[in-house]
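Trainee: Below is one structure. I have some questions about it.
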Amino acid sequence: MSSAAPALDVTATATRPALNVLVAAPRGFCAGVDRAIHIVELALERWGAPVYVRHEIVHNKFVVDSLKAKGAIFVEELDEVPDGVPVVFSAHGVPKAVPAKAEERGLTYVDATCPLVSKVHRQAERLVAAGRHILFIGHHGHPEVIGTFGQVPEGAMTLIETVEDAQRIQPADPDSLGFLTQTTLSVDDTADMVAELKRRFPAIEGPRGDDICYATSNRQAAVKAMAPRCDLVLVIGAQNSSNSQRLREVAEREGAQSWLIQRAADIDWAWFDGISTVGITAGASAPELLVQEVLTALNDRYVVASENITTAVEEVVFKLPRALTA
């Protein structure tokens with residue numbers, strides 16, 4: 001005796017509205033962030049807990065909390081690190097005075113500065129050695145800016161934050177200038193500031209290549225390709241993450257409403273009223289796990305049709321410090 005096939009329960013599907021979801025690629029972790037996190041994990045394996053980390057290793061609470069659970073202790077200044085324990089310097093870079101102080105105290109330390117930030121540090125040294133005053137394009141108070149300023153003598157650099165700053169600056173010697181940039185800036189904003197500096201100071205010397213890192217440029221390009229098709233773009237990242245904030249701004253400039261969230265719990269579902277297409281991306285410090293968490297939350301509430309928007313494939317890998325691999 002045959003039994004009837006079970007009835008298809010369409011209730012759940014029928015009550016969930018449709019939603020198009022575009023997912024940007026590249027997104028999330030870059031090579032510098034991946035390296036910095038791995039450095040802390042390797043330091044914990046080699047020396048055991050606790051390992052101290054000066055400043056957030058990267059700007060992401062989920063990552064920081066995960067490392068805390070493994071035995072990392074995060075502090076703002078080296079003075080907070082006890083004698084006799086290892087310390088890791090964050091991916092954003094530190095002033096020269098910090099490792100010098102660590103050596104003076106006999107501390108074991110590992111520098112997790114992103115190699116692309118280190119490249120900017122070396123360029124700053126070269127420009128100053130050549131007798132040039134540096135106009136540095138960046139955001140006041142950002143750890144990367146503080147670290148870069150700390151590579152050269154006080155007064156050797158002036159911060160430029162806006163096109164207006166570039167228009168107003170009156171250097172003592174306009175013919176002996178150089179410019180550098182923070183690695184996590186808006187590509188378009190930075191181009192405008194550089195153009196103004198070059199217009200006003202034709203003899204200004206720029207970096208060898210682009211200071212804005214490949215990951216920042218690639219993530220912004222992916223959002224530019226995706227956002228014009230979106231009503232709303234969610235950027236997964238921390239409020240203090242410069243590259244994540246820039247992704248939100250890029251999406252807004254392309255005409256999409258955009259919000260920066262740390263994870264799915266931060267979503268305000270009122271944002272979705274009248275929305276048919278949502279874009280998803282993540283800053284360079286945000287793990288893919290948080291992207292998937294957001295996608296799961298969308299699938300719980302909508303019948304999702306998803307599409308990947310891929311504008312580049314990243315295969316960059318940075319070497320780990322010898323102190324942890326020897």
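Residues in the structure tokens are numbered from 1 in each chain, the chains being A, B, ... in the order shown, and ligands are numbered from 1 in the order shown.
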Would you give me, as a tab-separated table, each residue of segment 28-120 of chain A having an atom within 6 Å of an atom of segment 144-168 of chain A, along with its shortest atom pair and that distance in Å to one decimal, using only C-alpha atoms and sorting by chain and residue number?

Mentor:
```
residue	atom	partner	partner_atom	distance
A:His92	CA	A:Glu144	CA	4.7
A:Gly93	CA	A:Gly147	CA	5.2
A:Val94	CA	A:Gly147	CA	4.1
A:Pro95	CA	A:Gly150	CA	3.9
A:Lys96	CA	A:Gln151	CA	5.5
```

Trainee: Generate the output file for the selected residues, N, CA, C and O atoms, as an mmCIF file, in the first residue's frame.

Mentor:
```
data_model
loop_
_atom_site.group_PDB
_atom_site.id
_atom_site.type_symbol
_atom_site.label_atom_id
_atom_site.label_comp_id
_atom_site.auth_asym_id
_atom_site.auth_seq_id
_atom_site.Cartn_x
_atom_site.Cartn_y
_atom_site.Cartn_z
ATOM 1 N N HIS A 92 49.431 48.068 12.738
ATOM 2 C CA HIS A 92 49.403 49.462 12.291
ATOM 3 C C HIS A 92 50.767 50.131 12.341
ATOM 4 O O HIS A 92 50.959 51.202 11.776
ATOM 5 N N GLY A 93 51.718 49.521 13.040
ATOM 6 C CA GLY A 93 53.040 50.111 13.167
ATOM 7 C C GLY A 93 53.168 50.962 14.418
ATOM 8 O O GLY A 93 52.174 51.463 14.946
ATOM 9 N N VAL A 94 54.398 51.126 14.894
ATOM 10 C CA VAL A 94 54.645 51.892 16.112
ATOM 11 C C VAL A 94 55.791 52.863 15.868
ATOM 12 O O VAL A 94 56.643 52.646 14.998
ATOM 13 N N PRO A 95 55.851 53.965 16.645
ATOM 14 C CA PRO A 95 57.010 54.856 16.560
ATOM 15 C C PRO A 95 58.288 54.121 16.925
ATOM 16 O O PRO A 95 58.270 53.149 17.681
ATOM 17 N N LYS A 96 59.418 54.598 16.397
ATOM 18 C CA LYS A 96 60.709 53.963 16.686
ATOM 19 C C LYS A 96 61.000 53.894 18.180
ATOM 20 O O LYS A 96 61.709 52.991 18.641
#
```

Trainee: Considering only strand (DSSP E or B) as DSSP defines it on the backbone, what residues of segment 88-142 of chain A qualify? List them as a PDB file with all heavy atoms, in the first residue's frame.

Mentor:
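Output saved as states04.pdb:
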```pdb
ATOM      1  N   VAL A  88      53.861  41.873  21.489  1.00  0.00           N
ATOM      2  CA  VAL A  88      53.706  41.986  20.032  1.00  0.00           C
ATOM      3  C   VAL A  88      53.229  43.399  19.715  1.00  0.00           C
ATOM      4  O   VAL A  88      52.343  43.923  20.394  1.00  0.00           O
ATOM      5  CB  VAL A  88      52.691  40.949  19.499  1.00  0.00           C
ATOM      6  CG1 VAL A  88      52.469  41.135  17.996  1.00  0.00           C
ATOM      7  CG2 VAL A  88      53.156  39.530  19.804  1.00  0.00           C
ATOM      8  N   PHE A  89      53.814  44.012  18.681  1.00  0.00           N
ATOM      9  CA  PHE A  89      53.383  45.334  18.229  1.00  0.00           C
ATOM     10  C   PHE A  89      52.368  45.160  17.103  1.00  0.00           C
ATOM     11  O   PHE A  89      52.519  44.303  16.236  1.00  0.00           O
ATOM     12  CB  PHE A  89      54.570  46.163  17.744  1.00  0.00           C
ATOM     13  CG  PHE A  89      55.646  46.350  18.780  1.00  0.00           C
ATOM     14  CD1 PHE A  89      56.976  46.401  18.417  1.00  0.00           C
ATOM     15  CD2 PHE A  89      55.310  46.468  20.129  1.00  0.00           C
ATOM     16  CE1 PHE A  89      57.973  46.576  19.374  1.00  0.00           C
ATOM     17  CE2 PHE A  89      56.291  46.636  21.088  1.00  0.00           C
ATOM     18  CZ  PHE A  89      57.626  46.694  20.713  1.00  0.00           C
ATOM     19  N   TYR A 109      60.266  40.974  22.010  1.00  0.00           N
ATOM     20  CA  TYR A 109      59.137  41.543  21.259  1.00  0.00           C
ATOM     21  C   TYR A 109      59.151  41.061  19.818  1.00  0.00           C
ATOM     22  O   TYR A 109      60.193  40.675  19.272  1.00  0.00           O
ATOM     23  CB  TYR A 109      59.149  43.075  21.299  1.00  0.00           C
ATOM     24  CG  TYR A 109      60.269  43.741  20.540  1.00  0.00           C
ATOM     25  CD1 TYR A 109      60.141  44.054  19.179  1.00  0.00           C
ATOM     26  CD2 TYR A 109      61.468  44.090  21.166  1.00  0.00           C
ATOM     27  CE1 TYR A 109      61.159  44.672  18.478  1.00  0.00           C
ATOM     28  CE2 TYR A 109      62.493  44.709  20.468  1.00  0.00           C
ATOM     29  CZ  TYR A 109      62.325  44.999  19.126  1.00  0.00           C
ATOM     30  OH  TYR A 109      63.347  45.606  18.441  1.00  0.00           O
ATOM     31  N   VAL A 110      57.956  41.064  19.223  1.00  0.00           N
ATOM     32  CA  VAL A 110      57.787  40.732  17.814  1.00  0.00           C
ATOM     33  C   VAL A 110      56.985  41.856  17.173  1.00  0.00           C
ATOM     34  O   VAL A 110      55.954  42.273  17.710  1.00  0.00           O
ATOM     35  CB  VAL A 110      57.045  39.390  17.618  1.00  0.00           C
ATOM     36  CG1 VAL A 110      56.946  39.051  16.135  1.00  0.00           C
ATOM     37  CG2 VAL A 110      57.742  38.273  18.369  1.00  0.00           C
ATOM     38  N   ASP A 111      57.463  42.346  16.048  1.00  0.00           N
ATOM     39  CA  ASP A 111      56.807  43.449  15.354  1.00  0.00           C
ATOM     40  C   ASP A 111      55.880  42.885  14.282  1.00  0.00           C
ATOM     41  O   ASP A 111      56.328  42.282  13.311  1.00  0.00           O
ATOM     42  CB  ASP A 111      57.864  44.360  14.726  1.00  0.00           C
ATOM     43  CG  ASP A 111      57.279  45.655  14.184  1.00  0.00           C
ATOM     44  OD1 ASP A 111      56.034  45.780  14.164  1.00  0.00           O
ATOM     45  OD2 ASP A 111      58.057  46.533  13.779  1.00  0.00           O
ATOM     46  N   HIS A 133      60.742  68.006   3.527  1.00  0.00           N
ATOM     47  CA  HIS A 133      59.689  68.009   4.535  1.00  0.00           C
ATOM     48  C   HIS A 133      58.509  67.218   3.963  1.00  0.00           C
ATOM     49  O   HIS A 133      58.117  67.417   2.809  1.00  0.00           O
ATOM     50  CB  HIS A 133      59.254  69.438   4.867  1.00  0.00           C
ATOM     51  CG  HIS A 133      58.201  69.501   5.931  1.00  0.00           C
ATOM     52  ND1 HIS A 133      58.506  69.478   7.280  1.00  0.00           N
ATOM     53  CD2 HIS A 133      56.840  69.553   5.856  1.00  0.00           C
ATOM     54  CE1 HIS A 133      57.389  69.537   7.978  1.00  0.00           C
ATOM     55  NE2 HIS A 133      56.364  69.572   7.138  1.00  0.00           N
ATOM     56  N   ILE A 134      57.935  66.332   4.783  1.00  0.00           N
ATOM     57  CA  ILE A 134      56.890  65.432   4.297  1.00  0.00           C
ATOM     58  C   ILE A 134      55.505  65.975   4.616  1.00  0.00           C
ATOM     59  O   ILE A 134      55.210  66.335   5.760  1.00  0.00           O
ATOM     60  CB  ILE A 134      57.044  64.033   4.918  1.00  0.00           C
ATOM     61  CG1 ILE A 134      58.399  63.431   4.549  1.00  0.00           C
ATOM     62  CG2 ILE A 134      55.911  63.111   4.458  1.00  0.00           C
ATOM     63  CD1 ILE A 134      58.739  62.162   5.313  1.00  0.00           C
ATOM     64  N   LEU A 135      54.659  66.022   3.596  1.00  0.00           N
ATOM     65  CA  LEU A 135      53.230  66.269   3.783  1.00  0.00           C
ATOM     66  C   LEU A 135      52.566  64.898   3.777  1.00  0.00           C
ATOM     67  O   LEU A 135      52.555  64.215   2.742  1.00  0.00           O
ATOM     68  CB  LEU A 135      52.687  67.173   2.669  1.00  0.00           C
ATOM     69  CG  LEU A 135      53.397  68.529   2.515  1.00  0.00           C
ATOM     70  CD1 LEU A 135      52.764  69.343   1.395  1.00  0.00           C
ATOM     71  CD2 LEU A 135      53.383  69.309   3.825  1.00  0.00           C
ATOM     72  N   PHE A 136      52.056  64.500   4.943  1.00  0.00           N
ATOM     73  CA  PHE A 136      51.528  63.145   5.101  1.00  0.00           C
ATOM     74  C   PHE A 136      50.007  63.173   5.076  1.00  0.00           C
ATOM     75  O   PHE A 136      49.366  63.808   5.923  1.00  0.00           O
ATOM     76  CB  PHE A 136      52.016  62.515   6.407  1.00  0.00           C
ATOM     77  CG  PHE A 136      51.686  61.054   6.523  1.00  0.00           C
ATOM     78  CD1 PHE A 136      52.476  60.098   5.906  1.00  0.00           C
ATOM     79  CD2 PHE A 136      50.566  60.636   7.228  1.00  0.00           C
ATOM     80  CE1 PHE A 136      52.169  58.745   5.992  1.00  0.00           C
ATOM     81  CE2 PHE A 136      50.250  59.286   7.325  1.00  0.00           C
ATOM     82  CZ  PHE A 136      51.053  58.338   6.697  1.00  0.00           C
ATOM     83  N   ILE A 137      49.424  62.485   4.114  1.00  0.00           N
ATOM     84  CA  ILE A 137      47.963  62.435   3.962  1.00  0.00           C
ATOM     85  C   ILE A 137      47.426  61.292   4.819  1.00  0.00           C
ATOM     86  O   ILE A 137      47.776  60.117   4.618  1.00  0.00           O
ATOM     87  CB  ILE A 137      47.585  62.232   2.485  1.00  0.00           C
ATOM     88  CG1 ILE A 137      48.125  63.400   1.640  1.00  0.00           C
ATOM     89  CG2 ILE A 137      46.077  62.107   2.330  1.00  0.00           C
ATOM     90  CD1 ILE A 137      47.981  63.198   0.147  1.00  0.00           C
TER      91      ILE A 137
END
```

Trainee: Which polymer residues have any atom within 8 Å of an atom of Phe318 of chain A, counting only C-alpha atoms, with same-chain residues fewer than 6 positions away left out, as a ChimeraX atom specification?

Mentor: /A:31-32,35,115

Trainee: Considering only helix (DSSP H, G or I) as DSSP defines it on the backbone, what residues of segment 110-271 of chain A qualify? List them as a count of residues only.

Mentor: 76

Trainee: Would you work out the distance separating atom CA of Phe272 of chain A from atom CA of Ala227 of chain A, expressed in Å to one decimal?

Mentor: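 Pair atom CA of Phe272 of chain A / atom CA of Ala227 of chain A returns 15.4 Å.
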
Trainee: Show me, as a PyMOL selection string, the residues that have an atom within 7 Å of Asp231 of chain A when counting only C-alpha atoms, minus same-chain residues fewer than 5 positions from it.

Mentor: chain A and resi 256-257+275-278

Trainee: Just the residues within 7 Å of Glu254 of chain A, please, counting only C-alpha atoms, with nothing from its chain fewer than 2 positions along; format it as number ranges by chain.

Mentor: A: 224, 227-228, 250-252, 256

Trainee: Please produce a file of the residues just selected, as a PDB file, in the first residue's frame, where the atoms kept are N, CA, C and O atoms.

Mentor:
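Done, and the output landed in again_16.pdb:
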```pdb
ATOM      1  N   LYS A 224      32.603  49.733  -5.498  1.00  0.00           N
ATOM      2  CA  LYS A 224      32.200  50.611  -6.607  1.00  0.00           C
ATOM      3  C   LYS A 224      31.451  49.829  -7.691  1.00  0.00           C
ATOM      4  O   LYS A 224      30.514  50.347  -8.309  1.00  0.00           O
ATOM      5  N   ALA A 227      27.865  48.612  -5.569  1.00  0.00           N
ATOM      6  CA  ALA A 227      26.927  49.549  -4.935  1.00  0.00           C
ATOM      7  C   ALA A 227      25.898  50.173  -5.878  1.00  0.00           C
ATOM      8  O   ALA A 227      24.750  50.383  -5.467  1.00  0.00           O
ATOM      9  N   PRO A 228      26.229  50.496  -7.145  1.00  0.00           N
ATOM     10  CA  PRO A 228      25.201  51.082  -8.015  1.00  0.00           C
ATOM     11  C   PRO A 228      23.987  50.193  -8.241  1.00  0.00           C
ATOM     12  O   PRO A 228      22.917  50.677  -8.609  1.00  0.00           O
ATOM     13  N   VAL A 250      32.420  54.942   0.247  1.00  0.00           N
ATOM     14  CA  VAL A 250      32.417  54.633  -1.188  1.00  0.00           C
ATOM     15  C   VAL A 250      31.030  54.177  -1.629  1.00  0.00           C
ATOM     16  O   VAL A 250      30.519  54.603  -2.666  1.00  0.00           O
ATOM     17  N   ALA A 251      30.395  53.316  -0.830  1.00  0.00           N
ATOM     18  CA  ALA A 251      29.053  52.834  -1.170  1.00  0.00           C
ATOM     19  C   ALA A 251      28.054  53.986  -1.240  1.00  0.00           C
ATOM     20  O   ALA A 251      27.225  54.057  -2.161  1.00  0.00           O
ATOM     21  N   GLU A 252      28.142  54.904  -0.286  1.00  0.00           N
ATOM     22  CA  GLU A 252      27.227  56.051  -0.278  1.00  0.00           C
ATOM     23  C   GLU A 252      27.436  56.942  -1.492  1.00  0.00           C
ATOM     24  O   GLU A 252      26.477  57.458  -2.079  1.00  0.00           O
ATOM     25  N   ALA A 256      24.108  54.263  -2.760  1.00  0.00           N
ATOM     26  CA  ALA A 256      23.438  53.290  -1.894  1.00  0.00           C
ATOM     27  C   ALA A 256      23.439  53.764  -0.448  1.00  0.00           C
ATOM     28  O   ALA A 256      24.409  54.361   0.020  1.00  0.00           O
TER      29      ALA A 256
END
```

Trainee: Looking at A:Arg46, A:Glu77, A:Pro321, A:Ala312, which one is nearest to Ala97 of chain A, with distances taken over only C-alpha atoms?

Mentor: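 Comparing A:Arg46, A:Glu77, A:Pro321, A:Ala312 against Ala97 of chain A, the winner is A:Glu77.
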
Trainee: Would you mind reading off the distance between atom CA of Leu247 of chain A and atom CA of Leu185 of chain A, one decimal, in Å?

Mentor: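 The value is 9.6 Å.
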
Trainee: Taking 5 positions as the minimum chain separation for residues in the same chain, which residues sit within 9 Å of segment 298-308 of chain A when counting only C-alpha atoms? Answer as a list of chain:residue names.

Mentor: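 Non-adjacent residues within range: A:Thr13, A:Ala14, A:Thr15, A:Arg16, A:Pro17, A:Ala18, A:Leu19, A:Asn20, A:Val21, A:Leu22, A:Val23, A:Ala24, A:Ala25, A:Ala264, A:Glu293.
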
Trainee: Kindly export the residues of the current selection with N, CA and C atoms, as a PDB file, in the first residue's frame.

Mentor:
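And here's selection-v6.pdb as it stands now:
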```
ATOM      1  N   THR A  13       8.313  29.802   3.347  1.00  0.00           N
ATOM      2  CA  THR A  13       8.793  30.519   2.164  1.00  0.00           C
ATOM      3  C   THR A  13       7.833  31.622   1.762  1.00  0.00           C
ATOM      4  N   ALA A  14       6.542  31.340   1.842  1.00  0.00           N
ATOM      5  CA  ALA A  14       5.541  32.313   1.405  1.00  0.00           C
ATOM      6  C   ALA A  14       5.545  33.557   2.270  1.00  0.00           C
ATOM      7  N   THR A  15       5.891  33.409   3.548  1.00  0.00           N
ATOM      8  CA  THR A  15       5.845  34.572   4.432  1.00  0.00           C
ATOM      9  C   THR A  15       7.144  35.371   4.412  1.00  0.00           C
ATOM     10  N   ARG A  16       8.185  34.829   3.782  1.00  0.00           N
ATOM     11  CA  ARG A  16       9.450  35.558   3.711  1.00  0.00           C
ATOM     12  C   ARG A  16       9.540  36.288   2.379  1.00  0.00           C
ATOM     13  N   PRO A  17       9.786  37.586   2.414  1.00  0.00           N
ATOM     14  CA  PRO A  17       9.913  38.333   1.154  1.00  0.00           C
ATOM     15  C   PRO A  17      11.206  37.980   0.428  1.00  0.00           C
ATOM     16  N   ALA A  18      11.243  38.289  -0.846  1.00  0.00           N
ATOM     17  CA  ALA A  18      12.432  38.037  -1.655  1.00  0.00           C
ATOM     18  C   ALA A  18      13.464  39.143  -1.431  1.00  0.00           C
ATOM     19  N   LEU A  19      14.732  38.776  -1.534  1.00  0.00           N
ATOM     20  CA  LEU A  19      15.812  39.756  -1.379  1.00  0.00           C
ATOM     21  C   LEU A  19      16.989  39.343  -2.255  1.00  0.00           C
ATOM     22  N   ASN A  20      17.460  40.271  -3.065  1.00  0.00           N
ATOM     23  CA  ASN A  20      18.681  40.046  -3.830  1.00  0.00           C
ATOM     24  C   ASN A  20      19.879  40.453  -2.970  1.00  0.00           C
ATOM     25  N   VAL A  21      20.864  39.597  -2.898  1.00  0.00           N
ATOM     26  CA  VAL A  21      22.058  39.885  -2.098  1.00  0.00           C
ATOM     27  C   VAL A  21      23.288  39.786  -2.993  1.00  0.00           C
ATOM     28  N   LEU A  22      24.032  40.874  -3.081  1.00  0.00           N
ATOM     29  CA  LEU A  22      25.276  40.909  -3.826  1.00  0.00           C
ATOM     30  C   LEU A  22      26.431  40.872  -2.822  1.00  0.00           C
ATOM     31  N   VAL A  23      27.371  39.988  -3.037  1.00  0.00           N
ATOM     32  CA  VAL A  23      28.484  39.825  -2.100  1.00  0.00           C
ATOM     33  C   VAL A  23      29.782  40.202  -2.811  1.00  0.00           C
ATOM     34  N   ALA A  24      30.473  41.211  -2.258  1.00  0.00           N
ATOM     35  CA  ALA A  24      31.677  41.736  -2.896  1.00  0.00           C
ATOM     36  C   ALA A  24      32.878  40.835  -2.664  1.00  0.00           C
ATOM     37  N   ALA A  25      33.724  40.746  -3.661  1.00  0.00           N
ATOM     38  CA  ALA A  25      35.019  40.076  -3.534  1.00  0.00           C
ATOM     39  C   ALA A  25      36.029  40.859  -4.372  1.00  0.00           C
ATOM     40  N   ALA A 264      26.143  40.502  12.757  1.00  0.00           N
ATOM     41  CA  ALA A 264      24.718  40.415  12.420  1.00  0.00           C
ATOM     42  C   ALA A 264      23.815  41.023  13.485  1.00  0.00           C
ATOM     43  N   GLU A 293      27.879  34.967   9.000  1.00  0.00           N
ATOM     44  CA  GLU A 293      26.869  35.196  10.034  1.00  0.00           C
ATOM     45  C   GLU A 293      25.787  36.145   9.534  1.00  0.00           C
TER      46      GLU A 293
END
```

Trainee: For Ile267 of chain A, find every residue with an atom within 9 Å (counting only C-alpha atoms), except residues of its own chain fewer than 6 positions away, and show them as number ranges by chain.

Mentor: A: 234, 259, 261, 294

Trainee: Write to file, as a PDB file, in the first residue's frame, the residues of the selection just made, with C-alpha atoms.

Mentor:
```pdb
ATOM      1  CA  LEU A 234      26.233  46.559   4.768  1.00  0.00           C
ATOM      2  CA  TRP A 259      25.778  51.078   7.306  1.00  0.00           C
ATOM      3  CA  ILE A 261      28.156  46.987  11.466  1.00  0.00           C
ATOM      4  CA  VAL A 294      25.229  38.165   8.283  1.00  0.00           C
TER       5      VAL A 294
END
```

Trainee: Could you please determine the separation between atom CA of Ser90 of chain A and atom CA of Glu205 of chain A in Å, to one decimal place?

Mentor: 28.8 Å
